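Presented below is the structure to which this report refers.
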Amino acid sequence: MIELKKLSKVFDTGKGSLTAVDGVELDIAPGEIFGIIGYSGAGKSTLIRLLNGLEKPTSGSVVINGQDITAINSKDLRKARQKVSMIFQHFNLLWSRTVKENIEFPLEIAGVPKEKRAERVLELVELVGLAGRENAYPSQLSGGQKQRVGIARALANNPEVLLCDEATSALDPQTTDSILDLLVDINKRLGLTIVLITHEMHVIRKICHRVAVMEGGRIVELGDVLNVFQAPKENITKRFVAQVTDTEDSQETIKHLRELYPSGVLIKLVFVGDQTEQPILTKLIRKYTVDINIVQGNIAHTQRGAYGTLILQIKGSQPEIDEAIAFLNAEDVQTEVMAND
Ligand SMILES: Nc1ncnc2c1ncn2[C@@H]1O[C@H](COP(=O)(O)OP(=O)(O)OP(=O)(O)O)[C@@H](O)[C@H]1O
């Protein structure tokens with residue numbers, strides 16, 4: 001669906017050149033919700049602007065549905081852009097137009113006849129849950145409602161790809177969740193491919209199937225969301241995962257837990273998918289003569305299944321503890337001893 005090949009963008013800043021996107025190779029499948037996460041300056045916005053042809057690459061190509069959008073003339077590019085639409089952090093609505101008129105705008109530009117436009121606007125208003133608010137002006141809407149207008153407008157010309165540029169960053173947590181639910185719903189109902197950029201791991205966790213982590217213009221880690229949560233490789237990815245799971249493995253945290261739980265073994269367990277629903281700890285306690293304290297726990301649900309971490313204090317004789325850990329590993333629970341007395 002989307003193929004990025006050796007994609008680079010170098011800006012001439014006056015003080016020298018700056019590589020914002022550096023040799024990115026990426027394939028995004030049709031119907032996928034793909035997230036790109038990175039801190040400010042990582043190159044996410046530049047990458048997304050390259051994806052919709054707003055920015056021309058210095059080298060490499062962007063192929064969408066077999067068409068290289070970096071190698072076509074401006075007329076064809078305009079056409080290709082209709083297949084790729086976008087929603088923005090600050091909504092970018094026309095303030096002097098009502099909800100209905102904002103949604104109608106891209107249809108007018110595409111030359112859709114008036115009657116057809118009215119029909120389509122009605123459908124879109126229903127789809128994004130704005131029925132009854134058609135004649136309101138953006139200034140009369142909440143942030144979440146404004147983004148719903150943005151989504152309806154982006155879907156007006158039946159795009160194949162929806163790009164989301166920090167689409168929920170200006171919203172409160174509850175509204176963020178409702179907009180993310182709407183995106184998942186649209187993805188399922190319309191089979192739309194969604195590519196989003198964000199600096200919030202919560203967004204990736206909640207709706208993405210796969211994630212790429214960007215740093216210094218490069219993709220430094222890429223994978224299925226559940227795998228990345230379970231076993232982040234790069235330090236930057238670990239920091240993003242910690243945003244959501246809350247079980248930071250920093251020396252500071254371990255020291256603090258050790259002070260609170262000074263004896264026995266402190267062990268971190270990682271459960272994935274179906275395991276999160278199994279009574280593994282019950283089995284463990286029945287089988288081995290060890291005492292267990294639950295020190296910290298967390299479960300996160302992703303589009304690819306659940307992911308949980310648990311920190312336990314296990315007390316008992318060393319051979320019993322070793323056997324208990326071997327049992328957990330045999331049950332495919334990932335374990336990591338954080339401290340041992
Ligand atoms: N038009 C431009 N001219 C010069 N430098 C640019 C331009 N656009 C972006 N940059 C630089 O490219 C780098 C990547 O910026 P980009 O906006 O893509 O990052 P980002 O990950 O989206 O960060 P943010 O979330 O802060 O926008 C930054 O160092 C930025 O200053």
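Letters for chains follow the order of the structure tokens (A, B, ...), residue numbers begin at 1 for each chain, and ligand numbers begin at 1 in the order shown.
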With only C-alpha atoms as the counted atoms, please give the residues lying no more than 12 Å from Leu77 (chain A), apart from itself and same-chain residues fewer than 2 positions off, as a PyMOL selection string. chain A and resi 51-56+62+64+67-75+79-84
Report as a short mmCIF file (atom, residue, chain, number, x, y, z; two decimals) with C-alpha atoms, in the first residue's frame: the residues of region 81-311 of chain A with a DSSP assignment of alpha helix (DSSP H), based on the backbone of this structure.
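Dumped to part_16.cif:
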data_model
loop_
_atom_site.label_atom_id
_atom_site.label_comp_id
_atom_site.auth_asym_id
_atom_site.auth_seq_id
_atom_site.Cartn_x
_atom_site.Cartn_y
_atom_site.Cartn_z
CA ARG A 81 -3.48 13.59 -2.90
CA GLN A 82 -7.21 12.97 -2.90
CA VAL A 99 -19.84 22.04 10.41
CA LYS A 100 -21.79 21.06 7.29
CA GLU A 101 -19.96 23.59 5.12
CA ASN A 102 -16.55 22.55 6.42
CA ILE A 103 -17.25 18.94 5.53
CA GLU A 104 -18.63 19.99 2.16
CA PHE A 105 -15.55 22.02 1.25
CA PRO A 106 -13.34 19.22 -0.19
CA LEU A 107 -16.36 17.94 -2.14
CA GLU A 108 -16.81 21.37 -3.72
CA ILE A 109 -13.15 21.43 -4.68
CA LYS A 114 -24.60 20.04 -5.04
CA GLU A 115 -27.19 17.32 -4.45
CA LYS A 116 -24.60 14.58 -4.14
CA ARG A 117 -22.63 16.78 -1.74
CA ALA A 118 -25.58 17.21 0.59
CA GLU A 119 -26.14 13.45 0.64
CA ARG A 120 -22.48 12.72 1.36
CA VAL A 121 -22.28 15.36 4.12
CA LEU A 122 -25.27 13.76 5.83
CA GLU A 123 -23.58 10.33 5.74
CA LEU A 124 -20.35 11.73 7.12
CA VAL A 125 -22.06 13.66 9.90
CA GLU A 126 -23.69 10.39 11.00
CA LEU A 127 -20.44 8.44 10.68
CA GLY A 143 -12.21 20.08 20.92
CA GLY A 144 -13.43 16.53 20.34
CA GLN A 145 -16.29 17.72 18.14
CA LYS A 146 -13.89 19.89 16.13
CA GLN A 147 -11.71 16.86 15.49
CA ARG A 148 -14.80 14.90 14.42
CA VAL A 149 -15.42 17.60 11.80
CA GLY A 150 -11.76 17.27 10.77
CA ILE A 151 -12.20 13.52 10.37
CA ALA A 152 -15.45 13.84 8.40
CA ARG A 153 -13.86 16.41 6.11
CA ALA A 154 -10.82 14.16 5.60
CA LEU A 155 -13.06 11.23 4.65
CA PRO A 173 -7.58 12.15 27.99
CA GLN A 174 -11.26 11.26 27.81
CA THR A 175 -11.84 13.06 24.51
CA THR A 176 -8.61 11.54 23.19
CA ASP A 177 -10.01 8.10 23.88
CA SER A 178 -13.29 8.82 22.11
CA ILE A 179 -11.48 10.12 19.02
CA LEU A 180 -9.15 7.10 19.03
CA ASP A 181 -12.20 4.80 19.28
CA LEU A 182 -13.69 6.62 16.30
CA LEU A 183 -10.50 6.06 14.27
CA VAL A 184 -10.55 2.32 15.08
CA ASP A 185 -14.22 2.18 14.11
CA ILE A 186 -13.55 3.91 10.78
CA ASN A 187 -10.57 1.66 10.12
CA LYS A 188 -12.73 -1.42 10.63
CA ARG A 189 -15.80 -0.17 8.81
CA LEU A 190 -14.10 1.36 5.79
CA MET A 201 2.70 5.89 23.66
CA HIS A 202 -0.88 5.72 24.92
CA VAL A 203 -2.08 6.46 21.37
CA ILE A 204 0.12 3.70 19.93
CA ARG A 205 -0.95 1.27 22.64
CA LYS A 206 -4.63 1.92 22.16
CA ILE A 207 -5.08 1.80 18.40
CA VAL A 225 2.80 -3.20 18.97
CA LEU A 226 2.50 -6.14 21.34
CA ASN A 227 6.06 -7.33 20.61
CA VAL A 228 7.47 -3.86 21.07
CA PHE A 229 5.68 -3.51 24.42
CA GLN A 230 6.83 -6.93 25.52
CA ASN A 235 16.53 2.76 25.15
CA ILE A 236 14.25 5.33 23.56
CA THR A 237 11.61 2.62 23.00
CA LYS A 238 11.93 1.51 26.61
CA ARG A 239 11.26 5.07 27.70
CA PHE A 240 8.15 5.26 25.53
CA VAL A 241 6.88 1.90 26.80
CA ALA A 242 7.44 3.06 30.39
CA GLN A 243 5.05 5.99 29.66
CA VAL A 244 2.24 3.46 29.54
CA THR A 245 3.25 0.51 31.68
CA GLN A 251 18.20 1.74 39.11
CA GLU A 252 16.39 4.38 41.12
CA THR A 253 13.09 2.46 41.01
CA ILE A 254 14.74 -0.85 41.84
CA LYS A 255 16.56 0.73 44.79
CA HIS A 256 13.32 2.18 46.07
CA LEU A 257 11.48 -1.15 45.78
CA ARG A 258 14.36 -2.94 47.48
CA GLU A 259 14.06 -0.56 50.42
CA LEU A 260 10.36 -1.31 50.67
CA ILE A 280 -0.52 -18.66 36.70
CA LEU A 281 0.21 -17.20 40.15
CA THR A 282 -2.37 -19.47 41.80
CA LYS A 283 -0.66 -22.49 40.25
CA LEU A 284 2.72 -21.20 41.39
CA ILE A 285 1.66 -20.77 45.00
CA ARG A 286 0.04 -24.20 45.08
CA LYS A 287 3.08 -25.92 43.61
#
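Each of A:Thr198, A:Asn92, A:Thr98, A:Asn158 was checked against ligand 1 using only C-alpha atoms and all ligand atoms; the smallest atom-to-atom distance is that of A:Thr198.
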Could you give me the residues within 6 Å of ligand 1, counting only C-alpha atoms and all ligand atoms, as a compact mmCIF listing (two decimals) with C-alpha atoms, in the first residue's frame?
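Below is the file pocket-v3.txt, written as the result:
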# COMPACT_ATOMS: atom_id res chain seq x y z
CA PHE A 11 16.87 21.07 4.66
CA THR A 13 18.91 25.96 7.10
CA ALA A 20 15.29 15.67 8.96
CA GLY A 38 9.28 10.04 18.42
CA TYR A 39 10.24 13.05 20.46
CA SER A 40 10.10 16.58 19.14
CA GLY A 41 12.54 17.07 16.25
CA ALA A 42 12.73 13.35 15.36
CA GLY A 43 11.45 14.06 11.84
CA LYS A 44 7.86 12.79 12.15
CA SER A 45 6.16 15.85 10.65
CA THR A 46 8.60 15.94 7.77
Residue neighbourhood Pro30 (chain A), 9 Å, only C-alpha atoms, exclusion window fewer than 5 positions, as a list in words: Met1, Ile2, Glu160, Val161, Gly191, Leu192, Thr193 and Ile194 of chain A
Write to file, as a PDB file, in the first residue's frame, the residues of the selection just made, with C-alpha atoms.
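Okay, selection-v4.pdb is ready:
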ATOM      1  CA  MET A   1       0.000   0.000   0.000  1.00  0.00           C
ATOM      2  CA  ILE A   2       2.647   2.518   1.099  1.00  0.00           C
ATOM      3  CA  GLU A 160      -7.458   5.215   0.877  1.00  0.00           C
ATOM      4  CA  VAL A 161      -5.077   6.561   3.495  1.00  0.00           C
ATOM      5  CA  GLY A 191     -10.894  -0.719   5.705  1.00  0.00           C
ATOM      6  CA  LEU A 192      -9.026   2.595   5.664  1.00  0.00           C
ATOM      7  CA  THR A 193      -5.256   2.582   6.141  1.00  0.00           C
ATOM      8  CA  ILE A 194      -4.294   4.955   8.953  1.00  0.00           C
TER       9      ILE A 194
END
So which one's closest to Asp274 (chain A), A:Ala212, A:Met86, A:Leu26, A:Ala306? Using only C-alpha atoms, please. A:Ala306
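Running DSSP on the backbone and keeping only strand (DSSP E or B), the residues of region 80-252 of chain A that qualify are Val84, Ser85, Met86, Ile87, Phe88, Val161, Leu162, Leu163, Cys164, Asp165, Thr193, Ile194, Val195, Leu196, Ile197, Thr198, Arg210, Val211, Ala212, Val213, Met214, Glu215, Arg218, Ile219, Val220, Glu221, Leu222, Gly223 and Asp224 of chain A.
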Expected file contents, prior selection, N, CA and C atoms, as a PDB file, in the first residue's frame:
ATOM      1  N   VAL A  84      -5.059  10.437  -0.319  1.00  0.00           N
ATOM      2  CA  VAL A  84      -4.357  10.502   0.967  1.00  0.00           C
ATOM      3  C   VAL A  84      -4.833  11.762   1.673  1.00  0.00           C
ATOM      4  N   SER A  85      -5.608  11.623   2.735  1.00  0.00           N
ATOM      5  CA  SER A  85      -6.015  12.862   3.395  1.00  0.00           C
ATOM      6  C   SER A  85      -5.514  12.907   4.827  1.00  0.00           C
ATOM      7  N   MET A  86      -5.749  14.031   5.465  1.00  0.00           N
ATOM      8  CA  MET A  86      -5.018  14.278   6.702  1.00  0.00           C
ATOM      9  C   MET A  86      -5.872  14.998   7.744  1.00  0.00           C
ATOM     10  N   ILE A  87      -5.632  14.665   9.015  1.00  0.00           N
ATOM     11  CA  ILE A  87      -6.218  15.455  10.106  1.00  0.00           C
ATOM     12  C   ILE A  87      -5.070  16.001  10.957  1.00  0.00           C
ATOM     13  N   PHE A  88      -5.370  17.119  11.640  1.00  0.00           N
ATOM     14  CA  PHE A  88      -4.299  17.890  12.266  1.00  0.00           C
ATOM     15  C   PHE A  88      -4.539  18.098  13.761  1.00  0.00           C
ATOM     16  N   VAL A 161      -5.980   6.423   2.349  1.00  0.00           N
ATOM     17  CA  VAL A 161      -5.077   6.561   3.495  1.00  0.00           C
ATOM     18  C   VAL A 161      -5.472   7.807   4.289  1.00  0.00           C
ATOM     19  N   LEU A 162      -5.516   7.659   5.607  1.00  0.00           N
ATOM     20  CA  LEU A 162      -5.747   8.826   6.464  1.00  0.00           C
ATOM     21  C   LEU A 162      -4.482   9.058   7.291  1.00  0.00           C
ATOM     22  N   LEU A 163      -3.910  10.244   7.142  1.00  0.00           N
ATOM     23  CA  LEU A 163      -2.724  10.593   7.923  1.00  0.00           C
ATOM     24  C   LEU A 163      -3.180  11.428   9.120  1.00  0.00           C
ATOM     25  N   CYS A 164      -2.680  11.098  10.285  1.00  0.00           N
ATOM     26  CA  CYS A 164      -3.081  11.836  11.488  1.00  0.00           C
ATOM     27  C   CYS A 164      -1.837  12.460  12.108  1.00  0.00           C
ATOM     28  N   ASP A 165      -1.807  13.786  12.135  1.00  0.00           N
ATOM     29  CA  ASP A 165      -0.643  14.507  12.650  1.00  0.00           C
ATOM     30  C   ASP A 165      -0.948  14.970  14.080  1.00  0.00           C
ATOM     31  N   THR A 193      -6.607   2.645   5.570  1.00  0.00           N
ATOM     32  CA  THR A 193      -5.256   2.582   6.141  1.00  0.00           C
ATOM     33  C   THR A 193      -5.016   3.882   6.914  1.00  0.00           C
ATOM     34  N   ILE A 194      -4.532   3.753   8.147  1.00  0.00           N
ATOM     35  CA  ILE A 194      -4.294   4.955   8.953  1.00  0.00           C
ATOM     36  C   ILE A 194      -2.818   5.014   9.344  1.00  0.00           C
ATOM     37  N   VAL A 195      -2.209   6.152   9.088  1.00  0.00           N
ATOM     38  CA  VAL A 195      -0.825   6.364   9.533  1.00  0.00           C
ATOM     39  C   VAL A 195      -0.855   7.556  10.481  1.00  0.00           C
ATOM     40  N   LEU A 196      -0.375   7.363  11.698  1.00  0.00           N
ATOM     41  CA  LEU A 196      -0.420   8.486  12.632  1.00  0.00           C
ATOM     42  C   LEU A 196       0.948   8.763  13.213  1.00  0.00           C
ATOM     43  N   ILE A 197       1.182  10.037  13.494  1.00  0.00           N
ATOM     44  CA  ILE A 197       2.402  10.385  14.203  1.00  0.00           C
ATOM     45  C   ILE A 197       2.015  10.947  15.569  1.00  0.00           C
ATOM     46  N   THR A 198       2.824  10.631  16.550  1.00  0.00           N
ATOM     47  CA  THR A 198       2.495  11.034  17.915  1.00  0.00           C
ATOM     48  C   THR A 198       3.763  11.010  18.780  1.00  0.00           C
ATOM     49  N   ARG A 210       0.985  -1.757  14.259  1.00  0.00           N
ATOM     50  CA  ARG A 210       2.456  -1.757  14.274  1.00  0.00           C
ATOM     51  C   ARG A 210       2.952  -0.356  14.603  1.00  0.00           C
ATOM     52  N   VAL A 211       4.192  -0.306  15.044  1.00  0.00           N
ATOM     53  CA  VAL A 211       4.766   0.983  15.430  1.00  0.00           C
ATOM     54  C   VAL A 211       6.209   1.096  14.936  1.00  0.00           C
ATOM     55  N   ALA A 212       6.573   2.312  14.535  1.00  0.00           N
ATOM     56  CA  ALA A 212       7.973   2.617  14.225  1.00  0.00           C
ATOM     57  C   ALA A 212       8.416   3.706  15.198  1.00  0.00           C
ATOM     58  N   VAL A 213       9.594   3.539  15.757  1.00  0.00           N
ATOM     59  CA  VAL A 213      10.130   4.560  16.658  1.00  0.00           C
ATOM     60  C   VAL A 213      11.163   5.365  15.877  1.00  0.00           C
ATOM     61  N   MET A 214      10.994   6.683  15.877  1.00  0.00           N
ATOM     62  CA  MET A 214      11.895   7.546  15.101  1.00  0.00           C
ATOM     63  C   MET A 214      12.803   8.358  16.004  1.00  0.00           C
ATOM     64  N   GLU A 215      14.041   8.450  15.619  1.00  0.00           N
ATOM     65  CA  GLU A 215      15.000   9.275  16.361  1.00  0.00           C
ATOM     66  C   GLU A 215      16.033   9.795  15.361  1.00  0.00           C
ATOM     67  N   ARG A 218      15.772   8.796  11.674  1.00  0.00           N
ATOM     68  CA  ARG A 218      15.793   7.373  11.297  1.00  0.00           C
ATOM     69  C   ARG A 218      14.755   6.573  12.057  1.00  0.00           C
ATOM     70  N   ILE A 219      14.384   5.428  11.473  1.00  0.00           N
ATOM     71  CA  ILE A 219      13.542   4.496  12.223  1.00  0.00           C
ATOM     72  C   ILE A 219      14.495   3.583  12.995  1.00  0.00           C
ATOM     73  N   VAL A 220      14.452   3.681  14.328  1.00  0.00           N
ATOM     74  CA  VAL A 220      15.413   2.914  15.128  1.00  0.00           C
ATOM     75  C   VAL A 220      14.808   1.613  15.652  1.00  0.00           C
ATOM     76  N   GLU A 221      13.492   1.509  15.615  1.00  0.00           N
ATOM     77  CA  GLU A 221      12.851   0.253  16.016  1.00  0.00           C
ATOM     78  C   GLU A 221      11.498   0.158  15.330  1.00  0.00           C
ATOM     79  N   LEU A 222      11.143  -1.067  14.943  1.00  0.00           N
ATOM     80  CA  LEU A 222       9.907  -1.257  14.189  1.00  0.00           C
ATOM     81  C   LEU A 222       9.334  -2.611  14.561  1.00  0.00           C
ATOM     82  N   GLY A 223       8.035  -2.676  14.793  1.00  0.00           N
ATOM     83  CA  GLY A 223       7.470  -3.995  15.084  1.00  0.00           C
ATOM     84  C   GLY A 223       6.004  -3.951  15.419  1.00  0.00           C
ATOM     85  N   ASP A 224       5.477  -5.144  15.631  1.00  0.00           N
ATOM     86  CA  ASP A 224       4.115  -5.317  16.084  1.00  0.00           C
ATOM     87  C   ASP A 224       3.993  -4.674  17.474  1.00  0.00           C
TER      88      ASP A 224
END
Taking 3 positions as the minimum chain separation for residues in the same chain, which residues sit within 9 Å of region 310-322 of chain A when counting only C-alpha atoms? Answer as a VMD selection string. chain A and resid 247 261 263 to 271 288 to 299 325 to 327 338
Requested write-out: C-alpha atoms of the selected residues, as a compact mmCIF listing (two decimals), in the first residue's frame:
# COMPACT_ATOMS: atom_id res chain seq x y z
CA THR A 247 7.09 -0.12 35.58
CA TYR A 261 10.84 -5.07 50.17
CA SER A 263 14.27 -9.65 51.53
CA GLY A 264 13.83 -12.43 48.97
CA VAL A 265 13.90 -11.98 45.22
CA LEU A 266 12.33 -9.08 43.35
CA ILE A 267 11.26 -10.31 39.98
CA LYS A 268 9.51 -8.70 37.04
CA LEU A 269 7.10 -10.83 35.03
CA VAL A 270 5.81 -9.96 31.58
CA PHE A 271 2.56 -11.57 30.43
CA TYR A 288 5.94 -24.30 45.53
CA THR A 289 6.47 -23.38 49.17
CA VAL A 290 7.28 -19.76 48.51
CA ASP A 291 5.67 -16.57 49.82
CA ILE A 292 4.62 -14.03 47.25
CA ASN A 293 3.94 -10.32 47.59
CA ILE A 294 2.63 -8.35 44.65
CA VAL A 295 4.73 -5.20 44.61
CA GLN A 296 3.52 -3.51 41.44
CA GLY A 297 1.26 -4.48 38.56
CA ASN A 298 -0.06 -3.14 35.33
CA ILE A 299 -2.05 -4.35 32.35
CA ILE A 325 11.11 -19.09 38.29
CA ALA A 326 11.72 -22.11 36.05
CA PHE A 327 7.99 -22.88 36.28
CA MET A 338 15.56 -7.23 39.44
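Residues lying within 8 Å of Val24 (chain A), counting only C-alpha atoms and ignoring same-chain neighbours fewer than 5 positions away, are Leu4, Lys5, Lys6, Leu7, Ser8, Gly217, Arg218 and Ile219 of chain A.
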